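What follows is the content of entry-v5.txt (compact mmCIF, N, CA and C atoms).
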# COMPACT_ATOMS: atom_id res chain seq x y z
N MET X 1451 21.08 -72.67 -14.03
CA MET X 1451 22.01 -71.57 -13.92
C MET X 1451 21.44 -70.56 -12.91
N ASN X 1452 22.29 -70.03 -12.07
CA ASN X 1452 21.88 -69.04 -11.08
C ASN X 1452 21.76 -67.68 -11.76
N ARG X 1453 20.54 -67.23 -11.95
CA ARG X 1453 20.27 -65.99 -12.67
C ARG X 1453 20.85 -64.76 -11.95
N ASP X 1454 20.82 -64.76 -10.62
CA ASP X 1454 21.36 -63.64 -9.86
C ASP X 1454 22.87 -63.52 -10.06
N LEU X 1455 23.57 -64.65 -10.02
CA LEU X 1455 25.02 -64.62 -10.25
C LEU X 1455 25.34 -64.22 -11.68
N LEU X 1456 24.57 -64.72 -12.63
CA LEU X 1456 24.77 -64.36 -14.03
C LEU X 1456 24.56 -62.85 -14.22
N THR X 1457 23.51 -62.33 -13.61
CA THR X 1457 23.24 -60.89 -13.70
C THR X 1457 24.40 -60.09 -13.12
N ALA X 1458 24.91 -60.51 -11.98
CA ALA X 1458 26.05 -59.82 -11.36
C ALA X 1458 27.28 -59.87 -12.27
N ASP X 1459 27.53 -61.03 -12.89
CA ASP X 1459 28.66 -61.16 -13.82
C ASP X 1459 28.51 -60.18 -14.98
N LEU X 1460 27.32 -60.15 -15.57
CA LEU X 1460 27.11 -59.29 -16.74
C LEU X 1460 27.13 -57.81 -16.36
N GLU X 1461 26.62 -57.49 -15.19
CA GLU X 1461 26.68 -56.09 -14.75
C GLU X 1461 28.13 -55.66 -14.57
N ARG X 1462 28.95 -56.54 -13.99
CA ARG X 1462 30.37 -56.23 -13.81
C ARG X 1462 31.07 -56.09 -15.16
N ASP X 1463 30.79 -57.00 -16.09
CA ASP X 1463 31.53 -57.02 -17.35
C ASP X 1463 30.99 -56.06 -18.40
N GLU X 1464 29.70 -55.87 -18.43
CA GLU X 1464 29.09 -54.98 -19.42
C GLU X 1464 28.98 -53.54 -18.89
N GLY X 1465 28.73 -53.42 -17.59
CA GLY X 1465 28.47 -52.11 -17.01
C GLY X 1465 27.01 -51.74 -17.22
N LEU X 1466 26.49 -50.94 -16.33
CA LEU X 1466 25.11 -50.47 -16.42
C LEU X 1466 25.12 -49.05 -16.94
N ARG X 1467 24.53 -48.85 -18.12
CA ARG X 1467 24.45 -47.53 -18.75
C ARG X 1467 22.99 -47.22 -18.99
N LEU X 1468 22.51 -46.14 -18.40
CA LEU X 1468 21.10 -45.80 -18.47
C LEU X 1468 20.75 -44.88 -19.64
N LYS X 1469 21.75 -44.51 -20.40
CA LYS X 1469 21.53 -43.74 -21.63
C LYS X 1469 22.23 -44.48 -22.76
N ALA X 1470 21.67 -44.36 -23.94
CA ALA X 1470 22.23 -45.06 -25.10
C ALA X 1470 23.66 -44.58 -25.36
N TYR X 1471 24.49 -45.52 -25.78
CA TYR X 1471 25.87 -45.23 -26.10
C TYR X 1471 26.30 -46.17 -27.22
N GLN X 1472 27.43 -45.86 -27.84
CA GLN X 1472 27.97 -46.75 -28.86
C GLN X 1472 29.02 -47.64 -28.20
N CYS X 1473 28.83 -48.94 -28.33
CA CYS X 1473 29.78 -49.90 -27.75
C CYS X 1473 31.05 -49.91 -28.58
N THR X 1474 32.00 -50.74 -28.17
CA THR X 1474 33.29 -50.78 -28.85
C THR X 1474 33.19 -51.19 -30.32
N SER X 1475 32.10 -51.88 -30.69
CA SER X 1475 31.93 -52.24 -32.11
C SER X 1475 31.05 -51.23 -32.84
N GLY X 1476 30.72 -50.12 -32.17
CA GLY X 1476 29.98 -49.05 -32.83
C GLY X 1476 28.47 -49.23 -32.84
N LYS X 1477 27.95 -50.23 -32.13
CA LYS X 1477 26.50 -50.48 -32.09
C LYS X 1477 25.87 -49.69 -30.95
N TRP X 1478 24.69 -49.13 -31.22
CA TRP X 1478 23.96 -48.42 -30.17
C TRP X 1478 23.48 -49.43 -29.15
N THR X 1479 23.78 -49.14 -27.88
CA THR X 1479 23.60 -50.08 -26.79
C THR X 1479 23.02 -49.32 -25.59
N ILE X 1480 22.33 -50.04 -24.71
CA ILE X 1480 21.78 -49.42 -23.50
C ILE X 1480 21.67 -50.49 -22.41
N GLY X 1481 21.53 -50.04 -21.19
CA GLY X 1481 21.31 -50.96 -20.09
C GLY X 1481 22.55 -51.75 -19.76
N LEU X 1482 22.40 -53.06 -19.76
CA LEU X 1482 23.51 -53.97 -19.46
C LEU X 1482 23.99 -54.63 -20.75
N GLY X 1483 24.40 -53.80 -21.70
CA GLY X 1483 24.94 -54.33 -22.94
C GLY X 1483 23.88 -54.71 -23.97
N ARG X 1484 22.69 -54.16 -23.88
CA ARG X 1484 21.62 -54.49 -24.84
C ARG X 1484 21.85 -53.76 -26.15
N ASN X 1485 22.11 -54.50 -27.21
CA ASN X 1485 22.35 -53.96 -28.54
C ASN X 1485 20.98 -53.58 -29.13
N ILE X 1486 20.61 -52.33 -28.96
CA ILE X 1486 19.29 -51.90 -29.45
C ILE X 1486 19.31 -51.63 -30.95
N GLU X 1487 20.49 -51.46 -31.50
CA GLU X 1487 20.58 -51.22 -32.94
C GLU X 1487 20.15 -52.47 -33.72
N ASP X 1488 20.62 -53.64 -33.30
CA ASP X 1488 20.28 -54.88 -33.99
C ASP X 1488 19.04 -55.56 -33.39
N LEU X 1489 18.90 -55.50 -32.07
CA LEU X 1489 17.82 -56.24 -31.40
C LEU X 1489 16.57 -55.41 -31.15
N GLY X 1490 16.73 -54.10 -31.00
CA GLY X 1490 15.59 -53.27 -30.63
C GLY X 1490 15.10 -53.65 -29.24
N ILE X 1491 13.81 -53.49 -29.01
CA ILE X 1491 13.19 -53.90 -27.75
C ILE X 1491 11.91 -54.65 -28.09
N THR X 1492 11.40 -55.39 -27.13
CA THR X 1492 10.15 -56.11 -27.35
C THR X 1492 8.97 -55.18 -27.10
N LYS X 1493 7.81 -55.60 -27.53
CA LYS X 1493 6.59 -54.83 -27.28
C LYS X 1493 6.36 -54.69 -25.77
N ALA X 1494 6.59 -55.77 -25.03
CA ALA X 1494 6.42 -55.72 -23.57
C ALA X 1494 7.38 -54.72 -22.94
N GLU X 1495 8.62 -54.67 -23.43
CA GLU X 1495 9.59 -53.71 -22.90
C GLU X 1495 9.16 -52.28 -23.23
N ALA X 1496 8.62 -52.07 -24.43
CA ALA X 1496 8.17 -50.74 -24.81
C ALA X 1496 7.05 -50.26 -23.88
N TYR X 1497 6.11 -51.14 -23.57
CA TYR X 1497 5.01 -50.76 -22.68
C TYR X 1497 5.48 -50.59 -21.24
N MET X 1498 6.49 -51.35 -20.83
CA MET X 1498 7.06 -51.16 -19.49
C MET X 1498 7.71 -49.78 -19.40
N LEU X 1499 8.45 -49.39 -20.43
CA LEU X 1499 9.06 -48.06 -20.46
C LEU X 1499 7.99 -46.97 -20.45
N LEU X 1500 6.93 -47.19 -21.21
CA LEU X 1500 5.84 -46.21 -21.26
C LEU X 1500 5.21 -46.04 -19.88
N GLY X 1501 5.05 -47.14 -19.14
CA GLY X 1501 4.50 -47.04 -17.79
C GLY X 1501 5.33 -46.12 -16.90
N GLY X 1502 6.64 -46.24 -16.99
CA GLY X 1502 7.52 -45.35 -16.24
C GLY X 1502 7.39 -43.91 -16.70
N ASP X 1503 7.26 -43.71 -18.01
CA ASP X 1503 7.09 -42.36 -18.55
C ASP X 1503 5.77 -41.75 -18.08
N ILE X 1504 4.72 -42.53 -18.04
CA ILE X 1504 3.42 -42.03 -17.58
C ILE X 1504 3.53 -41.57 -16.12
N ASP X 1505 4.18 -42.36 -15.28
CA ASP X 1505 4.36 -41.98 -13.88
C ASP X 1505 5.18 -40.71 -13.76
N ARG X 1506 6.27 -40.62 -14.52
CA ARG X 1506 7.16 -39.46 -14.44
C ARG X 1506 6.45 -38.19 -14.92
N ILE X 1507 5.75 -38.27 -16.03
CA ILE X 1507 5.08 -37.09 -16.58
C ILE X 1507 3.93 -36.66 -15.69
N SER X 1508 3.20 -37.61 -15.13
CA SER X 1508 2.12 -37.26 -14.19
C SER X 1508 2.69 -36.47 -13.02
N ALA X 1509 3.82 -36.91 -12.48
CA ALA X 1509 4.45 -36.21 -11.36
C ALA X 1509 4.91 -34.81 -11.78
N GLU X 1510 5.45 -34.68 -12.99
CA GLU X 1510 5.88 -33.37 -13.48
C GLU X 1510 4.69 -32.43 -13.60
N LEU X 1511 3.59 -32.93 -14.15
CA LEU X 1511 2.39 -32.10 -14.27
C LEU X 1511 1.82 -31.74 -12.90
N ASP X 1512 1.82 -32.70 -11.97
CA ASP X 1512 1.34 -32.43 -10.61
C ASP X 1512 2.13 -31.29 -9.98
N LYS X 1513 3.42 -31.27 -10.19
CA LYS X 1513 4.27 -30.24 -9.60
C LYS X 1513 4.10 -28.89 -10.29
N ALA X 1514 4.10 -28.89 -11.61
CA ALA X 1514 4.07 -27.62 -12.36
C ALA X 1514 2.67 -27.04 -12.53
N LEU X 1515 1.69 -27.91 -12.72
CA LEU X 1515 0.31 -27.47 -13.00
C LEU X 1515 -0.68 -28.32 -12.19
N PRO X 1516 -0.71 -28.16 -10.88
CA PRO X 1516 -1.53 -29.06 -10.06
C PRO X 1516 -3.01 -29.07 -10.43
N TRP X 1517 -3.48 -28.03 -11.10
CA TRP X 1517 -4.88 -27.97 -11.51
C TRP X 1517 -5.21 -28.90 -12.68
N TRP X 1518 -4.21 -29.49 -13.29
CA TRP X 1518 -4.46 -30.32 -14.48
C TRP X 1518 -5.37 -31.50 -14.17
N ARG X 1519 -5.33 -32.00 -12.95
CA ARG X 1519 -6.16 -33.16 -12.58
C ARG X 1519 -7.64 -32.80 -12.46
N SER X 1520 -7.96 -31.51 -12.39
CA SER X 1520 -9.37 -31.11 -12.32
C SER X 1520 -10.00 -30.99 -13.71
N LEU X 1521 -9.19 -31.12 -14.75
CA LEU X 1521 -9.72 -31.07 -16.12
C LEU X 1521 -10.54 -32.33 -16.39
N SER X 1522 -11.43 -32.23 -17.36
CA SER X 1522 -12.14 -33.44 -17.80
C SER X 1522 -11.11 -34.45 -18.30
N GLU X 1523 -11.47 -35.71 -18.30
CA GLU X 1523 -10.53 -36.76 -18.70
C GLU X 1523 -9.95 -36.51 -20.09
N PRO X 1524 -10.74 -36.14 -21.11
CA PRO X 1524 -10.15 -35.89 -22.43
C PRO X 1524 -9.18 -34.71 -22.43
N ARG X 1525 -9.49 -33.66 -21.69
CA ARG X 1525 -8.60 -32.49 -21.65
C ARG X 1525 -7.32 -32.81 -20.88
N ALA X 1526 -7.43 -33.57 -19.80
CA ALA X 1526 -6.24 -33.99 -19.06
C ALA X 1526 -5.36 -34.86 -19.96
N ARG X 1527 -5.99 -35.73 -20.73
CA ARG X 1527 -5.25 -36.58 -21.66
C ARG X 1527 -4.54 -35.74 -22.71
N ALA X 1528 -5.22 -34.69 -23.18
CA ALA X 1528 -4.60 -33.80 -24.18
C ALA X 1528 -3.37 -33.11 -23.60
N LEU X 1529 -3.49 -32.60 -22.38
CA LEU X 1529 -2.36 -31.93 -21.75
C LEU X 1529 -1.21 -32.92 -21.51
N PHE X 1530 -1.55 -34.12 -21.10
CA PHE X 1530 -0.54 -35.15 -20.91
C PHE X 1530 0.15 -35.46 -22.24
N ASN X 1531 -0.63 -35.61 -23.30
CA ASN X 1531 -0.09 -35.92 -24.63
C ASN X 1531 0.91 -34.84 -25.04
N LEU X 1532 0.55 -33.58 -24.82
CA LEU X 1532 1.46 -32.48 -25.15
C LEU X 1532 2.75 -32.60 -24.34
N THR X 1533 2.63 -32.86 -23.06
CA THR X 1533 3.80 -32.95 -22.19
C THR X 1533 4.68 -34.13 -22.60
N PHE X 1534 4.06 -35.25 -22.93
CA PHE X 1534 4.80 -36.42 -23.38
C PHE X 1534 5.61 -36.08 -24.62
N ASN X 1535 5.00 -35.35 -25.53
CA ASN X 1535 5.63 -35.05 -26.81
C ASN X 1535 6.71 -33.98 -26.70
N MET X 1536 6.46 -32.92 -25.93
CA MET X 1536 7.38 -31.78 -25.94
C MET X 1536 8.16 -31.60 -24.65
N GLY X 1537 7.76 -32.26 -23.59
CA GLY X 1537 8.42 -32.08 -22.30
C GLY X 1537 7.78 -30.95 -21.52
N ILE X 1538 7.91 -31.01 -20.20
CA ILE X 1538 7.25 -30.04 -19.34
C ILE X 1538 7.80 -28.63 -19.54
N ALA X 1539 9.11 -28.49 -19.75
CA ALA X 1539 9.69 -27.16 -19.91
C ALA X 1539 9.11 -26.46 -21.14
N ARG X 1540 9.01 -27.17 -22.23
CA ARG X 1540 8.46 -26.56 -23.45
C ARG X 1540 6.97 -26.30 -23.31
N LEU X 1541 6.25 -27.20 -22.63
CA LEU X 1541 4.82 -26.98 -22.40
C LEU X 1541 4.60 -25.68 -21.64
N LEU X 1542 5.44 -25.41 -20.65
CA LEU X 1542 5.30 -24.18 -19.86
C LEU X 1542 5.60 -22.93 -20.69
N GLY X 1543 6.14 -23.11 -21.87
CA GLY X 1543 6.36 -22.01 -22.81
C GLY X 1543 5.10 -21.63 -23.58
N PHE X 1544 3.96 -22.21 -23.21
CA PHE X 1544 2.66 -21.91 -23.81
C PHE X 1544 1.76 -21.26 -22.75
N PRO X 1545 2.16 -20.12 -22.17
CA PRO X 1545 1.40 -19.56 -21.05
C PRO X 1545 -0.03 -19.14 -21.41
N LYS X 1546 -0.23 -18.63 -22.62
CA LYS X 1546 -1.59 -18.22 -23.01
C LYS X 1546 -2.50 -19.43 -23.14
N MET X 1547 -1.99 -20.50 -23.74
CA MET X 1547 -2.80 -21.71 -23.87
C MET X 1547 -3.13 -22.28 -22.51
N LEU X 1548 -2.14 -22.34 -21.63
CA LEU X 1548 -2.35 -22.90 -20.30
C LEU X 1548 -3.31 -22.04 -19.48
N ALA X 1549 -3.19 -20.73 -19.58
CA ALA X 1549 -4.10 -19.84 -18.85
C ALA X 1549 -5.53 -20.02 -19.34
N ALA X 1550 -5.71 -20.11 -20.65
CA ALA X 1550 -7.05 -20.32 -21.20
C ALA X 1550 -7.61 -21.67 -20.77
N LEU X 1551 -6.78 -22.69 -20.79
CA LEU X 1551 -7.21 -24.03 -20.38
C LEU X 1551 -7.63 -24.02 -18.91
N LYS X 1552 -6.84 -23.42 -18.08
CA LYS X 1552 -7.15 -23.35 -16.64
C LYS X 1552 -8.43 -22.58 -16.40
N ALA X 1553 -8.67 -21.52 -17.18
CA ALA X 1553 -9.86 -20.67 -17.02
C ALA X 1553 -11.11 -21.28 -17.64
N GLY X 1554 -10.97 -22.42 -18.30
CA GLY X 1554 -12.12 -23.04 -18.95
C GLY X 1554 -12.47 -22.44 -20.30
N GLU X 1555 -11.55 -21.68 -20.86
CA GLU X 1555 -11.74 -21.08 -22.18
C GLU X 1555 -11.13 -22.03 -23.21
N TYR X 1556 -11.85 -23.10 -23.47
CA TYR X 1556 -11.29 -24.22 -24.22
C TYR X 1556 -11.07 -23.92 -25.69
N ALA X 1557 -11.98 -23.15 -26.31
CA ALA X 1557 -11.78 -22.79 -27.72
C ALA X 1557 -10.52 -21.94 -27.87
N GLU X 1558 -10.31 -21.02 -26.94
CA GLU X 1558 -9.12 -20.17 -26.99
C GLU X 1558 -7.85 -20.99 -26.73
N ALA X 1559 -7.91 -21.93 -25.80
CA ALA X 1559 -6.76 -22.79 -25.54
C ALA X 1559 -6.39 -23.59 -26.79
N ALA X 1560 -7.40 -24.13 -27.45
CA ALA X 1560 -7.16 -24.89 -28.68
C ALA X 1560 -6.58 -23.98 -29.76
N ARG X 1561 -7.12 -22.76 -29.88
CA ARG X 1561 -6.62 -21.82 -30.87
C ARG X 1561 -5.16 -21.49 -30.61
N GLN X 1562 -4.81 -21.27 -29.33
CA GLN X 1562 -3.43 -20.95 -28.98
C GLN X 1562 -2.49 -22.10 -29.37
N LEU X 1563 -2.95 -23.32 -29.14
CA LEU X 1563 -2.12 -24.47 -29.50
C LEU X 1563 -1.91 -24.54 -31.01
N LEU X 1564 -3.00 -24.36 -31.75
CA LEU X 1564 -2.91 -24.48 -33.21
C LEU X 1564 -2.14 -23.33 -33.85
N ASP X 1565 -2.07 -22.20 -33.16
CA ASP X 1565 -1.34 -21.04 -33.67
C ASP X 1565 0.09 -21.06 -33.14
N SER X 1566 0.78 -22.16 -33.37
CA SER X 1566 2.14 -22.30 -32.84
C SER X 1566 3.02 -23.04 -33.84
N ARG X 1567 4.32 -22.87 -33.67
CA ARG X 1567 5.27 -23.62 -34.48
C ARG X 1567 5.14 -25.11 -34.20
N TYR X 1568 4.85 -25.44 -32.96
CA TYR X 1568 4.66 -26.84 -32.58
C TYR X 1568 3.58 -27.49 -33.46
N ALA X 1569 2.45 -26.81 -33.63
CA ALA X 1569 1.36 -27.36 -34.44
C ALA X 1569 1.81 -27.58 -35.88
N GLN X 1570 2.62 -26.68 -36.39
CA GLN X 1570 3.14 -26.86 -37.75
C GLN X 1570 4.06 -28.07 -37.83
N GLN X 1571 4.81 -28.32 -36.76
CA GLN X 1571 5.77 -29.42 -36.75
C GLN X 1571 5.10 -30.78 -36.66
N VAL X 1572 4.03 -30.89 -35.87
CA VAL X 1572 3.44 -32.21 -35.62
C VAL X 1572 2.17 -32.47 -36.43
N GLY X 1573 1.67 -31.47 -37.14
CA GLY X 1573 0.55 -31.66 -38.06
C GLY X 1573 -0.72 -32.18 -37.41
N SER X 1574 -1.17 -33.34 -37.86
CA SER X 1574 -2.47 -33.87 -37.44
C SER X 1574 -2.52 -34.18 -35.95
N ARG X 1575 -1.38 -34.44 -35.36
CA ARG X 1575 -1.37 -34.68 -33.90
C ARG X 1575 -1.89 -33.44 -33.18
N ALA X 1576 -1.42 -32.27 -33.58
CA ALA X 1576 -1.88 -31.02 -32.96
C ALA X 1576 -3.37 -30.84 -33.16
N ASN X 1577 -3.88 -31.19 -34.31
CA ASN X 1577 -5.33 -31.08 -34.56
C ASN X 1577 -6.12 -31.99 -33.63
N ARG X 1578 -5.65 -33.20 -33.44
CA ARG X 1578 -6.33 -34.15 -32.54
C ARG X 1578 -6.31 -33.65 -31.09
N VAL X 1579 -5.15 -33.17 -30.66
CA VAL X 1579 -5.02 -32.69 -29.28
C VAL X 1579 -5.86 -31.43 -29.08
N ALA X 1580 -5.84 -30.54 -30.04
CA ALA X 1580 -6.66 -29.32 -29.94
C ALA X 1580 -8.14 -29.66 -29.88
N ALA X 1581 -8.57 -30.65 -30.63
CA ALA X 1581 -9.99 -31.06 -30.60
C ALA X 1581 -10.35 -31.61 -29.22
N LEU X 1582 -9.45 -32.37 -28.61
CA LEU X 1582 -9.71 -32.86 -27.24
C LEU X 1582 -9.82 -31.70 -26.27
N ILE X 1583 -8.97 -30.69 -26.41
CA ILE X 1583 -9.01 -29.53 -25.54
C ILE X 1583 -10.32 -28.77 -25.73
N GLU X 1584 -10.69 -28.53 -26.97
CA GLU X 1584 -11.87 -27.72 -27.25
C GLU X 1584 -13.18 -28.43 -26.90
N LYS X 1585 -13.29 -29.67 -27.26
CA LYS X 1585 -14.56 -30.38 -27.11
C LYS X 1585 -14.67 -31.17 -25.81
N GLY X 1586 -13.50 -31.49 -25.23
CA GLY X 1586 -13.47 -32.20 -23.96
C GLY X 1586 -14.16 -33.51 -23.99

Output the file's structure in the form of structure tokens.
Amino acid sequence: MNRDLLTADLERDEGLRLKAYQCTSGKWTIGLGRNIEDLGITKAEAYMLLGGDIDRISAELDKALPWWRSLSEPRARALFNLTFNMGIARLLGFPKMLAALKAGEYAEAARQLLDSRYAQQVGSRANRVAALIEKG
């Protein structure tokens, strides 16, 4: 079977949707008719999506906080983790934490993170990220 022709047929008949939607039978679907409600995704697909997210978030951090790459690897990972979880716009709503992190005041940056509604919402994740920020 010609895979390219089959793909073209399915793209024409299913349509390409890059955000989840409910198909005519009410199932959550994405892409070219992928029923994610019943089928989900494979582990390989999940890691492929994550790779794209890592590239996108790195670019967002490069644009908004170019100094983030000068942080130690654990602190850069912590900042990335926060951005992955809350998005760049919400991360920028932590100006005191970011200023302390940029200035090398790591205990204060960690304290600012833990003294937030976000920390209450995510619990132990905030503790882990704050420890990475403080101890590097």

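Here the DSSP assignment of strand (DSSP E or B), based on backbone atoms, applies within chain X to Arg1467, Leu1468, Lys1469, Ala1470, Tyr1471, Gln1472, Trp1478, Thr1479, Ile1480, Gly1481, Arg1484 and Asn1485 of chain X.
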
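With only N, CA and C atoms as the basis for measurement, X:Leu1482 is the residue among X:Leu1551, X:Glu1495, X:Lys1513, X:Leu1482 that approaches X:Glu1461 most closely.
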
Open item on the list: List the spatial neighbours of stretch 1541-1549 of chain X as number ranges by chain - criterion: any atom at most 6.5 Å away, all atoms listed in the file, same-chain residues fewer than 3 positions off excluded.
Closed with: X: 1532-1533, 1536-1538, 1552-1555, 1558-1560, 1562-1563

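Excluding X:Lys1585 and any residue on its chain fewer than 5 positions from it, the residues at most 7 Å away by only N, CA and C atoms are X:Tyr1556, X:Ala1557, X:Ala1580.
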
Task: alpha helix (DSSP H) positions in stretch 1453-1583 of chain X, given as a ChimeraX atom specification - done: /X:1453-1464,1493-1514,1523-1536,1538-1541,1545-1553,1556-1564,1567-1572,1574-1583

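Candidate residues X:Ala1470, X:Ile1480, X:Ser1508, X:Ala1514 were compared for distance to X:Ala1526, and the nearest is X:Ser1508, using only C-alpha atoms.
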
Open item on the list: Between atom C of X:Asn1452 and atom C of X:Gly1481, what distance in Å does the model show, to one decimal?
Closed with: 17.8 Å

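From atom N of X:Ala1550 back to atom N of X:Ser1522, the distance works out to 13.8 Å.
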
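Atom N of X:Ile1486 lies 9.5 Å from atom N of X:Gln1472.
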